[in-house]
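Q: Provided herewith: target-v4.pdb, PDB, C-alpha atoms, pLDDT in the B column.
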ATOM      1  CA  LYS Z   1       0.000   0.000   0.000  1.00 78.00           C
ATOM      2  CA  VAL Z   2       2.853   2.372   0.824  1.00 86.00           C
ATOM      3  CA  ILE Z   3       4.429   1.763  -2.579  1.00 92.00           C
ATOM      4  CA  LEU Z   4       1.122   2.378  -4.353  1.00 93.00           C
ATOM      5  CA  GLN Z   5       0.545   5.593  -2.423  1.00 93.00           C
ATOM      6  CA  SER Z   6       4.052   6.763  -3.284  1.00 95.00           C
ATOM      7  CA  LEU Z   7       3.555   5.951  -6.970  1.00 96.00           C
ATOM      8  CA  ALA Z   8       0.200   7.748  -7.006  1.00 94.00           C
ATOM      9  CA  ALA Z   9       1.811  10.833  -5.435  1.00 95.00           C
ATOM     10  CA  MET Z  10       4.565  10.776  -8.066  1.00 96.00           C
ATOM     11  CA  ALA Z  11       1.950  10.406 -10.801  1.00 96.00           C
ATOM     12  CA  ARG Z  12       0.043  13.427  -9.482  1.00 95.00           C
ATOM     13  CA  THR Z  13       3.295  15.410  -9.510  1.00 95.00           C
ATOM     14  CA  HIS Z  14       3.759  14.462 -13.150  1.00 96.00           C
ATOM     15  CA  GLN Z  15       0.184  15.491 -13.912  1.00 94.00           C
ATOM     16  CA  ALA Z  16       0.764  18.920 -12.397  1.00 93.00           C
ATOM     17  CA  SER Z  17       4.194  19.391 -13.935  1.00 94.00           C
ATOM     18  CA  PRO Z  18       5.191  16.896 -16.658  1.00 94.00           C
ATOM     19  CA  ALA Z  19       8.725  18.309 -16.841  1.00 93.00           C
ATOM     20  CA  ALA Z  20       9.357  17.911 -13.107  1.00 93.00           C
ATOM     21  CA  THR Z  21      11.900  15.361 -11.879  1.00 94.00           C
ATOM     22  CA  LEU Z  22      10.069  12.685  -9.911  1.00 96.00           C
ATOM     23  CA  GLU Z  23      11.638  11.980  -6.549  1.00 95.00           C
ATOM     24  CA  VAL Z  24      11.234   8.490  -5.119  1.00 96.00           C
ATOM     25  CA  ASP Z  25      10.418   8.194  -1.424  1.00 95.00           C
ATOM     26  CA  GLU Z  26      13.522   7.023   0.425  1.00 96.00           C
ATOM     27  CA  ALA Z  27      11.398   4.723   2.573  1.00 94.00           C
ATOM     28  CA  VAL Z  28      10.292   2.871  -0.573  1.00 96.00           C
ATOM     29  CA  LEU Z  29      13.875   2.398  -1.716  1.00 97.00           C
ATOM     30  CA  GLU Z  30      14.877   1.151   1.728  1.00 96.00           C
ATOM     31  CA  ALA Z  31      11.974  -1.314   1.718  1.00 95.00           C
ATOM     32  CA  PHE Z  32      13.167  -2.804  -1.572  1.00 97.00           C
ATOM     33  CA  GLY Z  33      16.689  -2.930  -0.181  1.00 97.00           C
ATOM     34  CA  GLN Z  34      15.466  -4.978   2.758  1.00 97.00           C
ATOM     35  CA  ILE Z  35      13.703  -7.408   0.426  1.00 97.00           C
ATOM     36  CA  ILE Z  36      16.890  -7.931  -1.567  1.00 97.00           C
ATOM     37  CA  GLU Z  37      19.019  -8.298   1.561  1.00 96.00           C
ATOM     38  CA  ASN Z  38      16.670 -10.874   3.099  1.00 96.00           C
ATOM     39  CA  LYS Z  39      15.749 -12.712  -0.093  1.00 94.00           C
ATOM     40  CA  ASP Z  40      17.158 -16.047   1.094  1.00 92.00           C
ATOM     41  CA  LYS Z  41      14.581 -16.282   3.883  1.00 93.00           C
ATOM     42  CA  ASP Z  42      11.888 -16.891   1.262  1.00 93.00           C
ATOM     43  CA  LEU Z  43      13.078 -16.641  -2.324  1.00 92.00           C
ATOM     44  CA  GLY Z  44       9.625 -17.066  -3.825  1.00 93.00           C
ATOM     45  CA  LEU Z  45       8.205 -14.266  -1.691  1.00 95.00           C
ATOM     46  CA  ALA Z  46      11.125 -12.018  -2.625  1.00 95.00           C
ATOM     47  CA  VAL Z  47      10.477 -12.604  -6.328  1.00 95.00           C
ATOM     48  CA  ARG Z  48       6.881 -11.495  -5.921  1.00 95.00           C
ATOM     49  CA  MET Z  49       7.650  -8.516  -3.698  1.00 95.00           C
ATOM     50  CA  LEU Z  50      10.259  -7.194  -6.127  1.00 97.00           C
ATOM     51  CA  CYS Z  51       7.648  -7.013  -8.887  1.00 96.00           C
ATOM     52  CA  LEU Z  52       6.306  -3.511  -9.422  1.00 96.00           C
ATOM     53  CA  PRO Z  53       2.526  -3.061  -9.503  1.00 95.00           C
ATOM     54  CA  ASP Z  54       1.008  -2.814 -12.961  1.00 94.00           C
ATOM     55  CA  ILE Z  55      -0.200   0.451 -14.392  1.00 95.00           C
ATOM     56  CA  TYR Z  56      -3.871  -0.414 -13.861  1.00 94.00           C
ATOM     57  CA  THR Z  57      -3.294  -0.858 -10.138  1.00 95.00           C
ATOM     58  CA  VAL Z  58      -1.528   2.505  -9.923  1.00 95.00           C
ATOM     59  CA  VAL Z  59      -4.257   4.499 -11.683  1.00 94.00           C
ATOM     60  CA  GLN Z  60      -6.824   3.120  -9.245  1.00 93.00           C
ATOM     61  CA  GLU Z  61      -5.060   5.203  -6.602  1.00 92.00           C
ATOM     62  CA  MET Z  62      -5.614   8.381  -8.650  1.00 91.00           C
ATOM     63  CA  GLU Z  63      -8.689  10.591  -8.779  1.00 90.00           C
ATOM     64  CA  VAL Z  64      -8.351  10.868 -12.555  1.00 90.00           C
ATOM     65  CA  TYR Z  65      -6.996   7.867 -14.450  1.00 92.00           C
ATOM     66  CA  ASP Z  66      -3.867   9.139 -16.197  1.00 95.00           C
ATOM     67  CA  TYR Z  67      -1.912   6.293 -17.732  1.00 95.00           C
ATOM     68  CA  ALA Z  68       0.920   8.500 -18.967  1.00 95.00           C
ATOM     69  CA  ALA Z  69       1.438   9.910 -15.474  1.00 96.00           C
ATOM     70  CA  ALA Z  70       1.261   6.455 -13.883  1.00 96.00           C
ATOM     71  CA  ASP Z  71       3.790   5.174 -16.413  1.00 96.00           C
ATOM     72  CA  ALA Z  72       6.128   8.070 -15.623  1.00 97.00           C
ATOM     73  CA  ALA Z  73       5.912   7.224 -11.915  1.00 97.00           C
ATOM     74  CA  LEU Z  74       6.560   3.521 -12.498  1.00 97.00           C
ATOM     75  CA  ARG Z  75       9.495   4.297 -14.774  1.00 97.00           C
ATOM     76  CA  ALA Z  76      10.995   6.716 -12.247  1.00 97.00           C
ATOM     77  CA  LEU Z  77      10.742   4.100  -9.494  1.00 98.00           C
ATOM     78  CA  LYS Z  78      12.244   1.347 -11.640  1.00 98.00           C
ATOM     79  CA  GLN Z  79      15.124   3.586 -12.705  1.00 97.00           C
ATOM     80  CA  ALA Z  80      15.763   4.623  -9.100  1.00 98.00           C
ATOM     81  CA  LEU Z  81      15.804   0.977  -7.994  1.00 98.00           C
ATOM     82  CA  ALA Z  82      18.125   0.081 -10.864  1.00 98.00           C
ATOM     83  CA  LYS Z  83      20.606   2.804  -9.911  1.00 98.00           C
ATOM     84  CA  ARG Z  84      20.441   2.354  -6.134  1.00 98.00           C
ATOM     85  CA  PHE Z  85      20.892  -1.427  -6.246  1.00 98.00           C
ATOM     86  CA  GLU Z  86      22.937  -1.868  -9.409  1.00 98.00           C
ATOM     87  CA  SER Z  87      25.650  -3.885  -7.677  1.00 97.00           C
ATOM     88  CA  GLN Z  88      23.059  -6.135  -6.026  1.00 97.00           C
ATOM     89  CA  TRP Z  89      21.230  -6.736  -9.327  1.00 98.00           C
ATOM     90  CA  ARG Z  90      24.494  -7.590 -11.039  1.00 97.00           C
ATOM     91  CA  GLY Z  91      25.408  -9.889  -8.171  1.00 95.00           C
ATOM     92  CA  LEU Z  92      22.080 -11.707  -8.372  1.00 95.00           C
ATOM     93  CA  TYR Z  93      22.363 -12.057 -12.126  1.00 96.00           C
ATOM     94  CA  THR Z  94      25.807 -13.614 -11.787  1.00 93.00           C
ATOM     95  CA  GLU Z  95      24.975 -15.773  -8.769  1.00 89.00           C
ATOM     96  CA  TYR Z  96      21.901 -17.357 -10.306  1.00 87.00           C
ATOM     97  CA  ASN Z  97      23.553 -18.105 -13.631  1.00 81.00           C
ATOM     98  CA  ASP Z  98      22.126 -20.506 -16.180  1.00 68.00           C
ATOM     99  CA  SER Z  99      24.590 -23.276 -15.294  1.00 64.00           C
ATOM    100  CA  ARG Z 100      22.754 -23.791 -11.988  1.00 65.00           C
ATOM    101  CA  PHE Z 101      19.505 -24.453 -13.821  1.00 64.00           C
ATOM    102  CA  LYS Z 102      21.201 -26.679 -16.391  1.00 63.00           C
ATOM    103  CA  LYS Z 103      22.753 -28.801 -13.635  1.00 64.00           C
ATOM    104  CA  ALA Z 104      19.424 -29.121 -11.816  1.00 61.00           C
ATOM    105  CA  PHE Z 105      17.772 -30.131 -15.077  1.00 59.00           C
ATOM    106  CA  GLU Z 106      20.460 -32.730 -15.828  1.00 60.00           C
ATOM    107  CA  ASP Z 107      20.210 -34.098 -12.289  1.00 59.00           C
ATOM    108  CA  GLY Z 108      16.425 -34.227 -12.465  1.00 62.00           C
ATOM    109  CA  ASP Z 109      16.288 -31.914  -9.464  1.00 62.00           C
ATOM    110  CA  ILE Z 110      14.235 -28.932 -10.661  1.00 65.00           C
ATOM    111  CA  HIS Z 111      12.645 -27.764  -7.430  1.00 67.00           C
ATOM    112  CA  LEU Z 112      10.890 -24.534  -6.512  1.00 78.00           C
ATOM    113  CA  ASP Z 113      14.044 -22.754  -5.344  1.00 79.00           C
ATOM    114  CA  VAL Z 114      15.713 -23.335  -8.712  1.00 82.00           C
ATOM    115  CA  ILE Z 115      12.677 -21.909 -10.500  1.00 85.00           C
ATOM    116  CA  ASN Z 116      12.634 -18.887  -8.187  1.00 90.00           C
ATOM    117  CA  GLU Z 117      16.364 -18.347  -8.697  1.00 90.00           C
ATOM    118  CA  ARG Z 118      15.824 -18.162 -12.457  1.00 91.00           C
ATOM    119  CA  ALA Z 119      12.898 -15.769 -11.983  1.00 93.00           C
ATOM    120  CA  LEU Z 120      14.999 -13.528  -9.730  1.00 95.00           C
ATOM    121  CA  ARG Z 121      17.847 -13.537 -12.260  1.00 95.00           C
ATOM    122  CA  ASN Z 122      15.476 -12.360 -14.959  1.00 96.00           C
ATOM    123  CA  GLN Z 123      14.085  -9.699 -12.638  1.00 97.00           C
ATOM    124  CA  ALA Z 124      17.640  -8.478 -12.110  1.00 97.00           C
ATOM    125  CA  LEU Z 125      18.117  -8.256 -15.877  1.00 98.00           C
ATOM    126  CA  SER Z 126      14.889  -6.283 -16.208  1.00 98.00           C
ATOM    127  CA  TYR Z 127      15.991  -3.733 -13.593  1.00 98.00           C
ATOM    128  CA  LEU Z 128      19.491  -3.493 -15.066  1.00 98.00           C
ATOM    129  CA  SER Z 129      17.996  -2.802 -18.493  1.00 97.00           C
ATOM    130  CA  GLU Z 130      17.062   0.654 -17.214  1.00 97.00           C
ATOM    131  CA  LEU Z 131      20.773   1.497 -17.085  1.00 96.00           C
ATOM    132  CA  GLY Z 132      21.638   0.711 -20.705  1.00 91.00           C
ATOM    133  CA  GLY Z 133      25.358   0.375 -21.397  1.00 93.00           C
ATOM    134  CA  ASP Z 134      26.665  -3.180 -21.287  1.00 95.00           C
ATOM    135  CA  VAL Z 135      23.269  -4.559 -20.267  1.00 97.00           C
ATOM    136  CA  VAL Z 136      22.186  -4.728 -23.913  1.00 97.00           C
ATOM    137  CA  ALA Z 137      25.105  -7.056 -24.634  1.00 97.00           C
ATOM    138  CA  ILE Z 138      24.255  -9.097 -21.523  1.00 97.00           C
ATOM    139  CA  ALA Z 139      20.649  -9.486 -22.690  1.00 98.00           C
ATOM    140  CA  ARG Z 140      21.814 -10.400 -26.180  1.00 97.00           C
ATOM    141  CA  GLU Z 141      24.102 -13.085 -24.771  1.00 96.00           C
ATOM    142  CA  GLN Z 142      21.274 -14.479 -22.647  1.00 96.00           C
ATOM    143  CA  PHE Z 143      19.005 -14.582 -25.695  1.00 97.00           C
ATOM    144  CA  GLU Z 144      21.607 -16.493 -27.700  1.00 95.00           C
ATOM    145  CA  SER Z 145      22.487 -19.002 -24.984  1.00 91.00           C
ATOM    146  CA  ALA Z 146      19.036 -19.546 -23.430  1.00 91.00           C
ATOM    147  CA  THR Z 147      17.992 -23.154 -22.960  1.00 85.00           C
ATOM    148  CA  ASN Z 148      14.408 -22.364 -21.955  1.00 87.00           C
ATOM    149  CA  MET Z 149      11.673 -19.949 -22.972  1.00 91.00           C
ATOM    150  CA  SER Z 150      11.687 -18.142 -19.618  1.00 91.00           C
ATOM    151  CA  ASP Z 151      15.243 -16.894 -20.171  1.00 93.00           C
ATOM    152  CA  GLU Z 152      14.833 -16.332 -23.890  1.00 96.00           C
ATOM    153  CA  GLY Z 153      11.593 -14.420 -23.363  1.00 95.00           C
ATOM    154  CA  ALA Z 154      13.083 -12.273 -20.592  1.00 96.00           C
ATOM    155  CA  ALA Z 155      15.990 -11.287 -22.836  1.00 97.00           C
ATOM    156  CA  LEU Z 156      13.612 -10.601 -25.722  1.00 97.00           C
ATOM    157  CA  ARG Z 157      11.477  -8.301 -23.538  1.00 96.00           C
ATOM    158  CA  VAL Z 158      14.592  -6.246 -22.805  1.00 97.00           C
ATOM    159  CA  LEU Z 159      15.891  -6.125 -26.371  1.00 97.00           C
ATOM    160  CA  ILE Z 160      12.626  -5.107 -28.047  1.00 96.00           C
ATOM    161  CA  GLN Z 161      12.782  -1.866 -26.049  1.00 96.00           C
ATOM    162  CA  VAL Z 162      16.101  -0.969 -27.696  1.00 96.00           C
ATOM    163  CA  PRO Z 163      15.280   0.547 -31.105  1.00 95.00           C
ATOM    164  CA  GLU Z 164      18.645  -0.471 -32.586  1.00 95.00           C
ATOM    165  CA  GLU Z 165      18.104  -4.095 -31.539  1.00 96.00           C
ATOM    166  CA  ARG Z 166      14.376  -4.490 -32.081  1.00 95.00           C
ATOM    167  CA  GLU Z 167      13.999  -5.487 -35.699  1.00 94.00           C
ATOM    168  CA  ALA Z 168      16.923  -7.917 -35.745  1.00 96.00           C
ATOM    169  CA  ILE Z 169      16.006  -9.672 -32.501  1.00 97.00           C
ATOM    170  CA  LEU Z 170      12.359 -10.103 -33.497  1.00 95.00           C
ATOM    171  CA  GLN Z 171      13.474 -11.552 -36.823  1.00 95.00           C
ATOM    172  CA  ARG Z 172      15.837 -13.992 -35.115  1.00 96.00           C
ATOM    173  CA  PHE Z 173      13.125 -15.106 -32.727  1.00 97.00           C
ATOM    174  CA  TYR Z 174      10.766 -15.607 -35.649  1.00 95.00           C
ATOM    175  CA  ASP Z 175      13.345 -17.540 -37.695  1.00 95.00           C
ATOM    176  CA  LYS Z 176      13.987 -19.849 -34.757  1.00 96.00           C
ATOM    177  CA  TRP Z 177      10.355 -20.545 -33.856  1.00 96.00           C
ATOM    178  CA  LYS Z 178       8.451 -20.027 -37.115  1.00 94.00           C
ATOM    179  CA  ASP Z 179       7.339 -23.666 -37.158  1.00 95.00           C
ATOM    180  CA  ASP Z 180       5.851 -23.517 -33.647  1.00 96.00           C
ATOM    181  CA  PRO Z 181       2.454 -21.740 -33.709  1.00 94.00           C
ATOM    182  CA  LEU Z 182       2.226 -21.468 -29.910  1.00 94.00           C
ATOM    183  CA  VAL Z 183       5.612 -19.776 -29.562  1.00 96.00           C
ATOM    184  CA  LEU Z 184       4.765 -17.410 -32.407  1.00 95.00           C
ATOM    185  CA  GLU Z 185       1.845 -16.196 -30.315  1.00 95.00           C
ATOM    186  CA  THR Z 186       4.485 -14.978 -27.863  1.00 93.00           C
ATOM    187  CA  TRP Z 187       6.223 -13.247 -30.779  1.00 95.00           C
ATOM    188  CA  ILE Z 188       2.958 -11.465 -31.589  1.00 95.00           C
ATOM    189  CA  ALA Z 189       2.387 -10.450 -27.965  1.00 95.00           C
ATOM    190  CA  MET Z 190       5.890  -9.046 -27.586  1.00 94.00           C
ATOM    191  CA  GLN Z 191       5.316  -6.578 -30.397  1.00 93.00           C
ATOM    192  CA  GLY Z 192       2.326  -5.176 -28.552  1.00 94.00           C
ATOM    193  CA  ARG Z 193       4.604  -4.547 -25.565  1.00 94.00           C
ATOM    194  CA  ILE Z 194       7.034  -2.270 -27.369  1.00 95.00           C
ATOM    195  CA  GLU Z 195       7.163   0.920 -25.320  1.00 94.00           C
ATOM    196  CA  ASP Z 196       7.176   3.399 -28.158  1.00 93.00           C
ATOM    197  CA  PRO Z 197       4.840   6.279 -29.069  1.00 92.00           C
ATOM    198  CA  ASN Z 198       4.590   4.665 -32.496  1.00 92.00           C
ATOM    199  CA  VAL Z 199       3.510   1.264 -31.162  1.00 94.00           C
ATOM    200  CA  ILE Z 200       0.171   1.450 -32.990  1.00 93.00           C
ATOM    201  CA  GLN Z 201       1.986   1.923 -36.296  1.00 94.00           C
ATOM    202  CA  LEU Z 202       4.288  -0.971 -35.443  1.00 92.00           C
ATOM    203  CA  VAL Z 203       1.307  -3.189 -34.618  1.00 93.00           C
ATOM    204  CA  ARG Z 204      -0.472  -2.122 -37.805  1.00 93.00           C
ATOM    205  CA  LYS Z 205       2.593  -3.225 -39.750  1.00 91.00           C
ATOM    206  CA  LEU Z 206       2.417  -6.602 -37.989  1.00 92.00           C
ATOM    207  CA  VAL Z 207      -1.308  -7.012 -38.664  1.00 91.00           C
ATOM    208  CA  GLU Z 208      -1.136  -5.947 -42.288  1.00 90.00           C
ATOM    209  CA  GLY Z 209       2.146  -7.702 -43.056  1.00 85.00           C
ATOM    210  CA  GLY Z 210       0.572 -11.131 -43.397  1.00 76.00           C
ATOM    211  CA  LEU Z 211       3.708 -12.948 -42.229  1.00 81.00           C
ATOM    212  CA  VAL Z 212       2.123 -14.593 -39.181  1.00 91.00           C
ATOM    213  CA  PHE Z 213      -0.795 -12.576 -37.870  1.00 93.00           C
ATOM    214  CA  ASP Z 214      -4.217 -13.854 -38.891  1.00 92.00           C
ATOM    215  CA  ILE Z 215      -7.122 -11.583 -37.984  1.00 91.00           C
ATOM    216  CA  LYS Z 216      -9.408 -14.628 -38.123  1.00 93.00           C
ATOM    217  CA  ASN Z 217      -7.368 -16.482 -35.498  1.00 94.00           C
ATOM    218  CA  PRO Z 218      -8.736 -15.665 -32.007  1.00 96.00           C
ATOM    219  CA  ASN Z 219      -5.479 -16.739 -30.374  1.00 96.00           C
ATOM    220  CA  HIS Z 220      -3.611 -14.124 -32.411  1.00 96.00           C
ATOM    221  CA  ILE Z 221      -6.101 -11.436 -31.368  1.00 95.00           C
ATOM    222  CA  PHE Z 222      -5.847 -12.459 -27.726  1.00 96.00           C
ATOM    223  CA  SER Z 223      -2.035 -12.553 -27.829  1.00 95.00           C
ATOM    224  CA  LEU Z 224      -1.762  -9.114 -29.372  1.00 95.00           C
ATOM    225  CA  VAL Z 225      -4.362  -7.414 -27.199  1.00 95.00           C
ATOM    226  CA  MET Z 226      -4.223  -9.163 -23.820  1.00 93.00           C
ATOM    227  CA  GLY Z 227      -0.656 -10.434 -24.039  1.00 91.00           C
ATOM    228  CA  GLY Z 228       0.769  -7.253 -25.497  1.00 92.00           C
ATOM    229  CA  LEU Z 229      -1.196  -4.019 -25.799  1.00 94.00           C
ATOM    230  CA  TYR Z 230      -2.895  -4.539 -22.424  1.00 93.00           C
ATOM    231  CA  PHE Z 231       0.469  -3.906 -20.757  1.00 90.00           C
ATOM    232  CA  ASN Z 232       1.142  -0.805 -22.861  1.00 92.00           C
ATOM    233  CA  ALA Z 233      -1.710   1.526 -21.923  1.00 92.00           C
ATOM    234  CA  ALA Z 234       0.533   4.587 -21.622  1.00 92.00           C
ATOM    235  CA  TYR Z 235       1.507   4.387 -25.287  1.00 92.00           C
ATOM    236  CA  LEU Z 236      -1.933   3.831 -26.810  1.00 87.00           C
TER     237      LEU Z 236
END
Write the structure described by the file as structure tokens, please.

A:
Amino acid sequence: KVILQSLAAMARTHQASPAATLEVDEAVLEAFGQIIENKDKDLGLAVRMLCLPDIYTVVQEMEVYDYAAADAALRALKQALAKRFESQWRGLYTEYNDSRFKKAFEDGDIHLDVINERALRNQALSYLSELGGDVVAIAREQFESATNMSDEGAALRVLIQVPEEREAILQRFYDKWKDDPLVLETWIAMQGRIEDPNVIQLVRKLVEGGLVFDIKNPNHIFSLVMGGLYFNAAYL
């Protein structure tokens, strides 16, 4: 509740003054720091608590639903968390490397902690993506070496937000999975998640391109709208 109230206050600040720098409540940052520090007490709980609320939850705390303002608040918080805990995110990403999951898989010992470790590693990548720099190369390497869709999808979600990477990475994903209709639904959904003011034009290109998208296929409609555009309200 405290985090939601803080985000709503930041969103209202953005509404009043869109050019203003949004300041994140220090108590919120400290709360996230405590979650990271004590993650080993309950890894699954930590994974869930480190997730930011979605934009629809934030606007419910506002008198007037303003998705652009809520998005600005969420972005400011994520960037602040990325900067404040950069070393911790990098440490988590390194600690929970893919070799741990591969070994568990080979040993037939995929238990809940291993799954949560992988989820936390991908959360770390998501936060680090706010910093740019070498993180793009890290995400690209994860995409190339991924042995499961969770890791490949997490890397793809990062790379589609980088304009210079977007077209090539979507093409590579398509080339790899073009014979798997279910995975291509993920490919469709990802394009609806591109955080770009021109996302509607990008989606129109997908719909009209005829490569995969079939307007008569309800799964394609659902993937694009509920798997993609639903999460992109601030850019619609």

Q: When you count all atoms listed in the file, which of these residues is closest to Arg118 in chain Z: Z:Phe173, Z:Gly44, Z:Gly132, Z:Ala11?

A: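 Nearest candidate to Arg118 in chain Z out of Z:Phe173, Z:Gly44, Z:Gly132, Z:Ala11: Z:Gly44.
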
Q: Quick one: of Z:Ala119, Z:Ala124, Z:Ala31, Z:Leu112, who's nearest to Gly91 in chain Z, counting only C-alpha atoms?

A: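 Checking each of Z:Ala119, Z:Ala124, Z:Ala31, Z:Leu112 against Gly91 in chain Z, counting only C-alpha atoms, the winner is Z:Ala124.
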
Q: Of the candidates Z:Gly228, Z:Asn148, Z:Arg140, Z:Asp180, which one gets nearest to Arg166 in chain Z if we count all atoms listed in the file?

A: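 That would be Z:Arg140, the residue with the smallest distance to Arg166 in chain Z.
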
Q: Which distance in Å separates CA of Pro218 in chain Z and CA of Val183 in chain Z, to one decimal?

A: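 Going from CA of Pro218 in chain Z over to CA of Val183 in chain Z, I get 15.1 Å.
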
Q: Counting all atoms listed in the file, find residues at most 8 Å from (10.0, -10.6, -27.1) (file frame) and give them as number ranges by chain.

A: Z: 153-160, 170, 173, 186-187, 189-191

Q: Applied to this file, what does the PyMOL selection byres ((chain Z and resi 61-69) around 6) return in terms of residues, put as a list in words?

A: Ala8, Ala11, His14, Gln15, Val58, Val59, Gln60, Ala70, Asp71, Ala72 and Ala234 of chain Z

Q: Please list as a PyMOL selection string every residue within 9 Å of Tyr93 in chain Z, counting all atoms listed in the file and excluding residues in the same chain fewer than 4 positions away.

A: chain Z and resi 88-89+97+118+120-125

Q: I'd like to see the residues matched by the PyMOL selection byres ((chain Z and resi 39) around 12) on this file, and ideally I'd get them as a PyMOL selection string.

A: chain Z and resi 32-38+40-50+88+92+113+116-117+120

Q: List as a list in words: which residues have an atom within 8 Å of (4.6, -5.9, -26.9), counting only C-alpha atoms?

A: Ile188, Ala189, Met190, Gln191, Gly192, Arg193, Ile194, Glu195, Leu224, Gly227, Gly228, Leu229, Phe231 and Asn232 of chain Z

Q: How far is it from CA of Leu211 in chain Z to CA of Ala233 in chain Z, in Å with one decimal?

A: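 Computing it gives 25.5 Å between the two atoms.
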
Q: Would you kindly return, as a count of residues only, each protein, DNA or RNA residue with an atom no farther than 9 Å from any atom of Ile3 in chain Z, considering only C-alpha atoms and excluding same-chain residues fewer than 5 positions away?

A: 5

Q: Take every atom of range 75-79 of chain Z listed in the file, fit an axis-aligned box around them, add 8 Å per side, and give the centre and edge lengths in Å to one decimal as AutoDock Vina command-line options.

A:
--center_x 12.3 --center_y 4.0 --center_z -12.1 --size_x 21.6 --size_y 21.4 --size_z 21.3

Q: Using the chain letters and numbers from this file, what does the PyMOL selection byres ((chain Z and resi 81) around 10) select? Give the answer as a ChimeraX atom specification.

A: /Z:24,28-30,32-33,75-80,82-86,89,127-128,130
